[in-house]
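Visitor: File name start_20.cif; file contents mmCIF, C-alpha atoms; full text below.
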data_entry
#
loop_
_atom_site.group_PDB
_atom_site.id
_atom_site.type_symbol
_atom_site.label_atom_id
_atom_site.label_comp_id
_atom_site.auth_asym_id
_atom_site.auth_seq_id
_atom_site.Cartn_x
_atom_site.Cartn_y
_atom_site.Cartn_z
ATOM 1 C CA MET A 1 274.992 17.855 14.327
ATOM 2 C CA ARG A 2 271.452 18.865 14.513
ATOM 3 C CA SER A 3 270.120 20.073 11.186
ATOM 4 C CA ARG A 4 268.368 23.326 11.186
ATOM 5 C CA ARG A 5 265.105 23.520 9.394
ATOM 6 C CA LYS A 6 264.514 26.790 7.756
ATOM 7 C CA ASN A 7 261.314 28.370 8.674
ATOM 8 C CA THR A 8 259.601 29.060 5.348
ATOM 9 C CA HIS A 9 256.339 30.957 5.201
ATOM 10 C CA GLU A 10 253.984 30.460 2.228
ATOM 11 C CA LYS A 11 253.077 33.671 0.428
ATOM 12 C CA GLU A 12 249.496 34.718 0.586
ATOM 13 C CA PRO A 13 247.674 34.615 -2.776
ATOM 14 C CA ASN A 14 247.423 37.959 -4.636
ATOM 15 C CA LEU A 15 243.720 38.598 -4.991
ATOM 16 C CA GLU A 16 244.165 41.661 -7.251
ATOM 17 C CA ARG A 17 245.969 40.050 -10.208
ATOM 18 C CA TRP A 18 242.794 40.224 -12.267
ATOM 19 C CA LEU A 19 243.231 43.982 -12.321
ATOM 20 C CA VAL A 20 246.331 43.563 -14.484
ATOM 21 C CA SER A 21 244.478 41.518 -17.076
ATOM 22 C CA TYR A 22 241.548 43.871 -16.971
ATOM 23 C CA ALA A 23 243.815 46.890 -17.453
ATOM 24 C CA ASP A 24 245.456 45.205 -20.459
ATOM 25 C CA PHE A 25 242.054 44.469 -21.953
ATOM 26 C CA ILE A 26 240.854 48.053 -21.485
ATOM 27 C CA THR A 27 244.080 49.371 -23.007
ATOM 28 C CA LEU A 28 243.703 47.157 -26.089
ATOM 29 C CA LEU A 29 240.048 48.054 -26.443
ATOM 30 C CA PHE A 30 240.886 51.735 -26.270
ATOM 31 C CA ALA A 31 243.559 51.262 -28.917
ATOM 32 C CA VAL A 32 241.077 49.500 -31.202
ATOM 33 C CA PHE A 33 238.553 52.321 -30.961
ATOM 34 C CA VAL A 34 241.201 54.972 -31.500
ATOM 35 C CA THR A 35 242.339 53.125 -34.622
ATOM 36 C CA LEU A 36 238.806 52.805 -35.954
ATOM 37 C CA TYR A 37 238.154 56.479 -35.315
ATOM 38 C CA ALA A 38 241.355 57.467 -37.094
ATOM 39 C CA MET A 39 240.427 55.297 -40.083
ATOM 40 C CA SER A 40 236.994 56.918 -40.334
ATOM 41 C CA ILE A 41 238.406 60.431 -40.720
ATOM 42 C CA VAL A 42 239.383 61.447 -44.265
ATOM 43 C CA ASP A 43 242.639 63.322 -44.353
ATOM 44 C CA LYS A 44 241.607 66.251 -46.547
ATOM 45 C CA LYS A 45 245.171 67.380 -47.013
ATOM 46 C CA LYS A 46 246.243 64.004 -48.342
ATOM 47 C CA VAL A 47 243.207 63.804 -50.632
ATOM 48 C CA GLU A 48 244.104 67.180 -52.129
ATOM 49 C CA GLN A 49 247.693 66.038 -52.610
ATOM 50 C CA VAL A 50 246.561 62.875 -54.401
ATOM 51 C CA GLN A 51 244.189 64.897 -56.592
ATOM 52 C CA ALA A 52 246.928 67.369 -57.525
ATOM 53 C CA SER A 53 249.255 64.496 -58.379
ATOM 54 C CA ILE A 54 246.671 62.859 -60.675
ATOM 55 C CA LEU A 55 245.862 66.132 -62.435
ATOM 56 C CA SER A 56 249.530 66.960 -62.984
ATOM 57 C CA SER A 57 250.038 63.553 -64.620
ATOM 58 C CA PHE A 58 247.360 64.549 -67.164
ATOM 59 C CA GLY A 59 248.932 67.941 -67.741
ATOM 60 C CA ILE A 60 246.280 69.898 -65.843
ATOM 61 C CA ALA A 61 247.371 72.701 -63.559
ATOM 62 C CA ALA A 62 246.769 71.927 -59.932
ATOM 63 C CA ASN A 63 245.189 75.335 -59.281
ATOM 64 C CA ALA A 64 242.566 74.533 -61.929
ATOM 65 C CA ALA A 65 241.176 71.695 -59.872
ATOM 66 C CA SER A 66 238.257 72.313 -57.605
ATOM 67 C CA PRO A 67 238.797 71.375 -53.971
ATOM 68 C CA VAL A 68 237.505 68.011 -52.849
ATOM 69 C CA ASN A 69 234.624 68.191 -50.441
ATOM 70 C CA VAL A 70 233.664 65.243 -48.312
ATOM 71 C CA VAL A 71 229.895 65.155 -47.963
ATOM 72 C CA ASP A 72 227.908 63.160 -45.482
ATOM 73 C CA SER A 73 225.926 60.692 -47.596
ATOM 74 C CA SER A 74 223.066 60.783 -45.113
ATOM 75 C CA GLN A 75 222.397 64.388 -46.142
ATOM 76 C CA LEU A 76 222.047 63.557 -49.840
ATOM 77 C CA ALA A 77 218.597 63.484 -51.441
ATOM 78 C CA PRO A 78 217.657 61.893 -54.782
ATOM 79 C CA LEU A 79 217.649 64.238 -57.762
ATOM 80 C CA PRO A 80 214.168 65.313 -58.890
ATOM 81 C CA SER A 81 212.907 64.000 -62.203
ATOM 82 C CA SER A 82 213.247 66.402 -65.098
ATOM 83 C CA PRO A 83 210.100 67.640 -66.861
ATOM 84 C CA ALA A 84 211.112 65.671 -69.961
ATOM 85 C CA GLU A 85 211.258 62.420 -68.013
ATOM 86 C CA THR A 86 207.974 63.195 -66.313
ATOM 87 C CA ALA A 87 206.256 63.799 -69.633
ATOM 88 C CA GLY A 88 207.725 60.649 -71.183
ATOM 89 C CA GLU A 89 209.822 62.503 -73.725
ATOM 90 C CA THR A 90 212.494 60.990 -75.868
ATOM 91 C CA ALA A 91 215.968 61.403 -74.407
ATOM 92 C CA GLY A 92 217.794 64.223 -76.120
ATOM 93 C CA SER A 93 214.607 65.669 -77.622
ATOM 94 C CA GLU A 94 213.007 68.992 -76.668
ATOM 95 C CA SER A 95 209.550 67.879 -77.853
ATOM 96 C CA PRO A 96 207.569 64.829 -76.699
ATOM 97 C CA TYR A 97 207.167 61.856 -79.013
ATOM 98 C CA ALA A 98 203.538 60.865 -79.497
ATOM 99 C CA GLU A 99 202.746 57.161 -79.258
ATOM 100 C CA GLY A 100 199.853 54.912 -78.280
ATOM 101 C CA GLU A 101 197.299 56.707 -76.143
ATOM 102 C CA GLU A 102 198.712 60.091 -77.109
ATOM 103 C CA PHE A 103 197.520 59.485 -80.680
ATOM 104 C CA ASP A 104 193.989 58.999 -79.360
ATOM 105 C CA ARG A 105 194.243 62.244 -77.427
ATOM 106 C CA ILE A 106 195.468 64.167 -80.496
ATOM 107 C CA LYS A 107 192.674 62.636 -82.592
ATOM 108 C CA LYS A 108 190.062 63.822 -80.110
ATOM 109 C CA GLU A 109 191.633 67.276 -79.947
ATOM 110 C CA ILE A 110 191.558 67.682 -83.745
ATOM 111 C CA LEU A 111 187.968 66.459 -84.041
ATOM 112 C CA ASP A 112 186.873 68.814 -81.250
ATOM 113 C CA ARG A 113 188.564 71.739 -83.036
ATOM 114 C CA LEU A 114 186.943 70.859 -86.369
ATOM 115 C CA THR A 115 183.533 70.286 -84.809
ATOM 116 C CA ALA A 116 183.643 73.786 -83.361
ATOM 117 C CA ASP A 117 184.451 75.142 -86.843
ATOM 118 C CA GLY A 118 181.843 72.982 -88.585
ATOM 119 C CA ALA A 119 184.482 71.222 -90.701
ATOM 120 C CA ARG A 120 184.507 67.774 -89.138
ATOM 121 C CA ASN A 121 183.103 66.046 -92.243
ATOM 122 C CA GLU A 122 186.041 67.204 -94.361
ATOM 123 C CA VAL A 123 188.544 65.118 -92.379
ATOM 124 C CA LYS A 124 188.742 61.478 -91.351
ATOM 125 C CA ILE A 125 191.176 60.395 -88.627
ATOM 126 C CA THR A 126 192.291 56.856 -87.815
ATOM 127 C CA VAL A 127 194.941 55.337 -85.550
ATOM 128 C CA ASN A 128 196.769 52.208 -86.704
ATOM 129 C CA GLU A 129 200.209 50.601 -86.536
ATOM 130 C CA ARG A 130 201.624 53.318 -88.795
ATOM 131 C CA GLY A 131 200.527 56.050 -86.409
ATOM 132 C CA LEU A 132 197.894 58.795 -86.632
ATOM 133 C CA VAL A 133 196.439 59.069 -90.157
ATOM 134 C CA ILE A 134 194.655 62.368 -90.931
ATOM 135 C CA SER A 135 192.835 62.025 -94.258
ATOM 136 C CA LEU A 136 191.965 65.300 -96.007
ATOM 137 C CA LYS A 137 189.097 64.750 -98.423
ATOM 138 C CA GLU A 138 189.550 66.252 -101.886
ATOM 139 C CA ALA A 139 186.185 67.977 -101.832
ATOM 140 C CA GLY A 140 187.188 70.102 -98.851
ATOM 141 C CA PHE A 141 190.707 71.003 -99.953
ATOM 142 C CA PHE A 142 191.193 70.814 -103.744
ATOM 143 C CA ALA A 143 189.144 71.408 -106.849
ATOM 144 C CA SER A 144 188.824 68.453 -109.211
ATOM 145 C CA GLY A 145 192.044 67.896 -111.171
ATOM 146 C CA SER A 146 193.846 70.736 -109.349
ATOM 147 C CA ALA A 147 196.688 70.847 -106.820
ATOM 148 C CA SER A 148 195.937 74.378 -105.626
ATOM 149 C CA MET A 149 194.459 74.428 -102.148
ATOM 150 C CA GLN A 150 191.101 76.141 -101.787
ATOM 151 C CA PRO A 151 191.127 79.204 -99.477
ATOM 152 C CA GLU A 152 188.332 77.856 -97.266
ATOM 153 C CA ALA A 153 190.532 74.838 -96.448
ATOM 154 C CA LEU A 154 193.255 76.939 -94.777
ATOM 155 C CA PRO A 155 191.498 77.370 -91.382
ATOM 156 C CA VAL A 156 190.913 73.602 -91.217
ATOM 157 C CA LEU A 157 194.542 72.823 -91.942
ATOM 158 C CA HIS A 158 195.587 75.485 -89.429
ATOM 159 C CA GLU A 159 193.678 73.703 -86.632
ATOM 160 C CA ILE A 160 195.240 70.363 -87.597
ATOM 161 C CA ALA A 161 198.733 71.864 -87.619
ATOM 162 C CA LYS A 162 198.262 73.371 -84.140
ATOM 163 C CA ALA A 163 197.444 69.936 -82.741
ATOM 164 C CA ILE A 164 200.429 68.092 -84.264
ATOM 165 C CA LYS A 165 203.257 70.624 -84.484
ATOM 166 C CA GLY A 166 204.449 70.272 -80.876
ATOM 167 C CA TYR A 167 205.645 66.686 -81.269
ATOM 168 C CA ALA A 168 208.943 65.147 -82.339
ATOM 169 C CA ASN A 169 207.373 62.540 -84.624
ATOM 170 C CA THR A 170 208.165 62.376 -88.320
ATOM 171 C CA PHE A 171 205.382 63.001 -90.838
ATOM 172 C CA ARG A 172 204.699 61.531 -94.265
ATOM 173 C CA VAL A 173 202.242 63.406 -96.482
ATOM 174 C CA GLU A 174 200.718 61.042 -99.035
ATOM 175 C CA GLY A 175 198.646 61.980 -102.074
ATOM 176 C CA HIS A 176 195.958 59.649 -103.500
ATOM 177 C CA THR A 177 193.531 59.782 -106.431
ATOM 178 C CA ASP A 178 190.829 57.604 -107.927
ATOM 179 C CA ASN A 179 191.423 55.584 -111.100
ATOM 180 C CA VAL A 180 189.945 58.140 -113.476
ATOM 181 C CA PRO A 181 192.770 59.463 -115.715
ATOM 182 C CA VAL A 182 193.549 63.123 -115.165
ATOM 183 C CA ARG A 183 192.348 65.263 -118.089
ATOM 184 C CA ASN A 184 194.424 68.430 -118.279
ATOM 185 C CA GLN A 185 197.762 69.658 -119.571
ATOM 186 C CA GLU A 186 199.251 70.318 -116.118
ATOM 187 C CA PHE A 187 199.607 66.704 -115.007
ATOM 188 C CA LEU A 188 200.681 63.750 -117.110
ATOM 189 C CA SER A 189 199.103 61.181 -114.782
ATOM 190 C CA ASN A 190 197.493 60.683 -111.399
ATOM 191 C CA TRP A 191 200.976 60.202 -109.942
ATOM 192 C CA GLU A 192 201.907 63.796 -110.676
ATOM 193 C CA LEU A 193 198.570 65.069 -109.393
ATOM 194 C CA SER A 194 198.738 63.112 -106.125
ATOM 195 C CA THR A 195 202.371 64.050 -105.494
ATOM 196 C CA THR A 196 201.823 67.747 -106.197
ATOM 197 C CA ARG A 197 198.843 67.867 -103.860
ATOM 198 C CA ALA A 198 200.893 66.278 -101.092
ATOM 199 C CA LEU A 199 203.686 68.773 -101.764
ATOM 200 C CA THR A 200 201.226 71.650 -101.500
ATOM 201 C CA ILE A 201 200.278 70.480 -97.984
ATOM 202 C CA VAL A 202 203.956 70.096 -97.019
ATOM 203 C CA HIS A 203 204.751 73.639 -98.159
ATOM 204 C CA TYR A 204 201.900 74.953 -96.043
ATOM 205 C CA LEU A 205 203.056 73.041 -92.951
ATOM 206 C CA VAL A 206 206.650 74.214 -93.340
ATOM 207 C CA ASP A 207 206.170 77.766 -94.663
ATOM 208 C CA ARG A 208 203.065 78.774 -92.725
ATOM 209 C CA GLN A 209 203.143 76.547 -89.628
ATOM 210 C CA ASN A 210 206.932 76.227 -89.140
ATOM 211 C CA LEU A 211 207.053 72.436 -88.906
ATOM 212 C CA PRO A 212 210.684 71.239 -89.202
ATOM 213 C CA PRO A 213 211.259 70.308 -92.859
ATOM 214 C CA ASP A 214 213.667 67.512 -91.904
ATOM 215 C CA ARG A 215 210.766 65.635 -90.276
ATOM 216 C CA LEU A 216 208.511 65.739 -93.338
ATOM 217 C CA SER A 217 208.445 63.581 -96.472
ATOM 218 C CA VAL A 218 206.197 63.415 -99.533
ATOM 219 C CA ALA A 219 204.712 60.419 -101.376
ATOM 220 C CA GLY A 220 202.398 60.252 -104.377
ATOM 221 C CA TYR A 221 200.525 56.961 -104.849
ATOM 222 C CA GLY A 222 198.135 57.954 -107.601
ATOM 223 C CA GLU A 223 195.230 55.501 -107.808
ATOM 224 C CA TYR A 224 197.218 52.530 -106.521
ATOM 225 C CA ARG A 225 196.399 52.691 -102.787
ATOM 226 C CA PRO A 226 192.586 52.873 -102.756
ATOM 227 C CA ILE A 227 190.575 52.614 -99.550
ATOM 228 C CA ALA A 228 187.256 52.054 -101.365
ATOM 229 C CA ASP A 229 185.928 50.550 -104.582
ATOM 230 C CA ASN A 230 186.585 52.753 -107.612
ATOM 231 C CA ALA A 231 183.590 51.187 -109.364
ATOM 232 C CA THR A 232 181.228 53.580 -107.534
ATOM 233 C CA ALA A 233 181.130 57.359 -107.344
ATOM 234 C CA GLU A 234 181.165 57.184 -103.547
ATOM 235 C CA GLY A 235 184.235 54.937 -103.576
ATOM 236 C CA ARG A 236 186.074 57.235 -105.963
ATOM 237 C CA ARG A 237 185.230 60.201 -103.754
ATOM 238 C CA LYS A 238 186.785 58.458 -100.735
ATOM 239 C CA ASN A 239 189.925 57.561 -102.669
ATOM 240 C CA ARG A 240 190.633 61.191 -103.649
ATOM 241 C CA ARG A 241 192.460 62.340 -100.549
ATOM 242 C CA VAL A 242 195.730 63.529 -98.993
ATOM 243 C CA ASP A 243 196.863 61.693 -95.849
ATOM 244 C CA ILE A 244 199.001 63.386 -93.206
ATOM 245 C CA VAL A 245 200.556 60.443 -91.371
ATOM 246 C CA MET A 246 202.029 61.198 -87.951
ATOM 247 C CA LEU A 247 204.331 58.215 -87.839
ATOM 248 C CA SER A 248 204.732 55.956 -84.813
ATOM 249 C CA ARG A 249 208.126 54.467 -83.982
ATOM 250 C CA GLU A 250 207.143 51.310 -85.835
ATOM 251 C CA GLY A 251 205.793 53.258 -88.789
ATOM 252 C CA SER A 252 208.948 55.367 -89.090
ATOM 253 C CA GLN A 253 211.263 52.354 -89.379
ATOM 254 C CA GLY A 254 211.315 52.644 -93.159
ATOM 255 C CA GLU A 255 212.162 56.354 -93.123
ATOM 256 C CA PRO A 256 215.770 57.260 -94.002
ATOM 257 C CA ARG A 257 217.790 58.542 -91.058
ATOM 258 C CA GLN A 258 219.421 61.945 -91.159
ATOM 259 C CA ARG A 259 223.208 61.658 -91.257
ATOM 260 C CA SER A 260 225.766 64.337 -90.480
ATOM 261 C CA GLU A 261 228.481 65.144 -92.980
ATOM 262 C CA PRO A 262 231.821 63.357 -92.295
#
Translate the structure of the given file into structure tokens.
Guide:
Amino acid sequence: MRSRRKNTHEKEPNLERWLVSYADFITLLFAVFVTLYAMSIVDKKKVEQVQASILSSFGIAANAASPVNVVDSSQLAPLPSSPAETAGETAGSESPYAEGEEFDRIKKEILDRLTADGARNEVKITVNERGLVISLKEAGFFASGSASMQPEALPVLHEIAKAIKGYANTFRVEGHTDNVPVRNQEFLSNWELSTTRALTIVHYLVDRQNLPPDRLSVAGYGEYRPIADNATAEGRRKNRRVDIVMLSREGSQGEPRQRSEP
């Protein structure tokens, strides 16, 4: 028998198959972007539910909670500096704390005030590691052997107080004498005289100028902290003084700290 050969025709190649792959790619790409978009949106309802759940676990009523607001971070601006930070104040303090160059500025201010009043020679001011030291000479403030302040000294002390009272520093008022023994019945020694004079200044600063009493302390050194030679009249005159020390941070390290009652 004669075999029959089937007539087979080869299929023509499909030139549009790439469209299938392209369509799959576009579909996947679309799905990716939809997913990313969905992830970028905060579900406010769910956030409020989570917040209410956390607050209820701490025993806080859900209606007491403020609603959560989602803010665009691009619209946020840095907080402005507070006046205290701008002025270099101590954190937690309403008044600035004088230090370094500020002592020099206060010194100049006091000397300018006293120059205008013609009383500059009655006061000597120095700046050292302890702080600002304002030395009140005996001749301008006290009579010899007395702790009562002379009336003409009050305007001078008033100008000094105006320059220092606006600061948060602590102050130590220190009395000094020369080595000549005190000769009256009011004081047993130069210690009592120097301490009482310093206390007189403190009472004025607190009672008349409203300086905080918890930032003031008193010391009486008698003749034992001289700044000049007691062998001469001029040296003894310099040693008879009351120092108002506006303490620096370093100088106040030895001061006792105020403690609250337990």
Visitor: Excluding Lys162 in chain A and its own-chain neighbours fewer than 5 positions away, which residues fall within 9 Å of it when counting all atoms listed in the file? Please give them as a ChimeraX atom specification.
Guide: /A:110,157,209
Visitor: Any chance you could resolve the PyMOL selection byres ((chain A and resi 245-254) around 10) against this file and give the residues as a PyMOL selection string?
Guide: chain A and resi 97-100+103+125-135+164+167-174+216-217+242-244+255-257
Visitor: Ranking A:Ser189, A:Ala147, A:Thr177, A:Lys165 by minimum distance to Pro213 in chain A and counting all atoms listed in the file, which one comes first?
Guide: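 Nearest candidate to Pro213 in chain A out of A:Ser189, A:Ala147, A:Thr177, A:Lys165: A:Lys165.
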Visitor: Written as a PyMOL selection string, what is the full residue list that the PyMOL selection byres ((chain A and resi 114) around 12) yields on the file shown?
Guide: chain A and resi 107-113+115-125+153+155-163
Visitor: What box, with edges along x, y and z, holds each listed atom of range 120-127 of chain A when 4 Å is added on every side, and can you state its centre and edge lengths in Å to one decimal, as lines of an AutoDock Vina configuration file?
Guide:
center_x = 189.0
center_y = 61.6
center_z = -90.0
size_x = 19.8
size_y = 20.4
size_z = 16.8
Visitor: Can you translate the PyMOL selection byres ((chain A and resi 238) around 10) into the concrete residues it hits in this file, as a ChimeraX atom specification?
Guide: /A:135-139,176-178,226-230,233-237,239-241
Visitor: Please measure the separation of CA of Val182 in chain A and CA of Ser144 in chain A, giving the value in Å to one decimal.
Guide: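 The value is 9.3 Å.
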Visitor: Which residue is closest to Arg183 in chain A? Choose from A:Ala52, A:Val20, A:Ile26, A:Gly145 and count all atoms listed in the file.
Guide: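 The closest residue to Arg183 in chain A is A:Gly145.
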Visitor: If I take CA of Ser146 in chain A and CA of Arg197 in chain A, how far is one from the other in Å, to one decimal?
Guide: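 Here the two named atoms are 8.0 Å from each other.
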Visitor: Which of these, A:Ala31, A:Ile201, A:Asp214, A:Ser21, has the shortest distance to Gln150 in chain A once you count only C-alpha atoms?
Guide: A:Ile201
Visitor: Can you tell me which residues surround Ser148 in chain A at a distance of at most 8 Å, considering only C-alpha atoms, apart from same-chain residues fewer than 4 positions away, and format the answer as a ChimeraX atom specification?
Guide: /A:142-143,197,200
Visitor: How would the residues just picked look written out with C-alpha atoms as a tab-separated table (two decimals), in the frame of the given file?
Guide:
chain	number	residue	atom	x	y	z
A	142	PHE	CA	191.19	70.81	-103.74
A	143	ALA	CA	189.14	71.41	-106.85
A	197	ARG	CA	198.84	67.87	-103.86
A	200	THR	CA	201.23	71.65	-101.50
Visitor: One decimal, Å: what's the distance from CA of Glu152 in chain A over to CA of Leu205 in chain A, could you say?
Guide: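 Going from CA of Glu152 in chain A over to CA of Leu205 in chain A covers 16.1 Å.
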Visitor: Have range 209-236 of chain A completed to N, CA and C atoms, please, and pass it along as a tab-separated table (two decimals), keeping the file's coordinate frame.
Guide:
chain	number	residue	atom	x	y	z
A	209	GLN	N	203.28	77.06	-90.99
A	209	GLN	CA	203.14	76.55	-89.63
A	209	GLN	C	204.48	76.21	-88.97
A	210	ASN	N	205.58	76.39	-89.69
A	210	ASN	CA	206.93	76.23	-89.14
A	210	ASN	C	207.22	74.82	-88.63
A	211	LEU	N	206.64	73.80	-89.23
A	211	LEU	CA	207.05	72.44	-88.91
A	211	LEU	C	208.45	72.19	-89.47
A	212	PRO	N	209.31	71.48	-88.73
A	212	PRO	CA	210.68	71.24	-89.20
A	212	PRO	C	210.68	70.46	-90.52
A	213	PRO	N	211.29	71.00	-91.56
A	213	PRO	CA	211.26	70.31	-92.86
A	213	PRO	C	211.98	68.97	-92.85
A	214	ASP	N	212.94	68.79	-91.93
A	214	ASP	CA	213.67	67.51	-91.90
A	214	ASP	C	212.84	66.38	-91.31
A	215	ARG	N	211.64	66.68	-90.81
A	215	ARG	CA	210.77	65.64	-90.28
A	215	ARG	C	209.57	65.36	-91.19
A	216	LEU	N	209.62	65.91	-92.41
A	216	LEU	CA	208.51	65.74	-93.34
A	216	LEU	C	209.00	65.07	-94.61
A	217	SER	N	208.15	64.20	-95.18
A	217	SER	CA	208.44	63.58	-96.47
A	217	SER	C	207.16	63.54	-97.29
A	218	VAL	N	207.32	63.37	-98.60
A	218	VAL	CA	206.20	63.42	-99.53
A	218	VAL	C	206.14	62.11	-100.31
A	219	ALA	N	204.91	61.61	-100.54
A	219	ALA	CA	204.71	60.42	-101.38
A	219	ALA	C	203.47	60.63	-102.23
A	220	GLY	N	203.54	60.19	-103.49
A	220	GLY	CA	202.40	60.25	-104.38
A	220	GLY	C	202.06	58.86	-104.88
A	221	TYR	N	200.89	58.33	-104.51
A	221	TYR	CA	200.52	56.96	-104.85
A	221	TYR	C	199.55	56.87	-106.02
A	222	GLY	N	199.10	58.01	-106.51
A	222	GLY	CA	198.14	57.95	-107.60
A	222	GLY	C	196.90	57.19	-107.19
A	223	GLU	N	196.43	56.29	-108.10
A	223	GLU	CA	195.23	55.50	-107.81
A	223	GLU	C	195.54	54.14	-107.22
A	224	TYR	N	196.80	53.90	-106.84
A	224	TYR	CA	197.22	52.53	-106.52
A	224	TYR	C	197.14	52.16	-105.04
A	225	ARG	N	196.64	53.03	-104.20
A	225	ARG	CA	196.40	52.69	-102.79
A	225	ARG	C	194.97	53.07	-102.39
A	226	PRO	N	193.97	52.49	-103.06
A	226	PRO	CA	192.59	52.87	-102.76
A	226	PRO	C	192.14	52.35	-101.40
A	227	ILE	N	191.19	53.06	-100.80
A	227	ILE	CA	190.58	52.61	-99.55
A	227	ILE	C	189.12	52.23	-99.78
A	228	ALA	N	188.63	52.40	-101.02
A	228	ALA	CA	187.26	52.05	-101.36
A	228	ALA	C	187.23	51.59	-102.82
A	229	ASP	N	186.09	51.10	-103.23
A	229	ASP	CA	185.93	50.55	-104.58
A	229	ASP	C	185.77	51.69	-105.59
A	230	ASN	N	186.66	51.72	-106.59
A	230	ASN	CA	186.58	52.75	-107.61
A	230	ASN	C	185.44	52.55	-108.59
A	231	ALA	N	184.70	51.46	-108.45
A	231	ALA	CA	183.59	51.19	-109.36
A	231	ALA	C	182.38	52.07	-109.08
A	232	THR	N	182.35	52.71	-107.90
A	232	THR	CA	181.23	53.58	-107.53
A	232	THR	C	181.71	55.01	-107.34
A	233	ALA	N	180.80	55.95	-107.53
A	233	ALA	CA	181.13	57.36	-107.34
A	233	ALA	C	181.53	57.64	-105.89
A	234	GLU	N	180.83	56.99	-104.97
A	234	GLU	CA	181.16	57.18	-103.55
A	234	GLU	C	182.56	56.65	-103.24
A	235	GLY	N	182.90	55.49	-103.80
A	235	GLY	CA	184.24	54.94	-103.58
A	235	GLY	C	185.32	55.82	-104.15
A	236	ARG	N	185.08	56.34	-105.35
A	236	ARG	CA	186.07	57.24	-105.96
A	236	ARG	C	186.23	58.51	-105.14
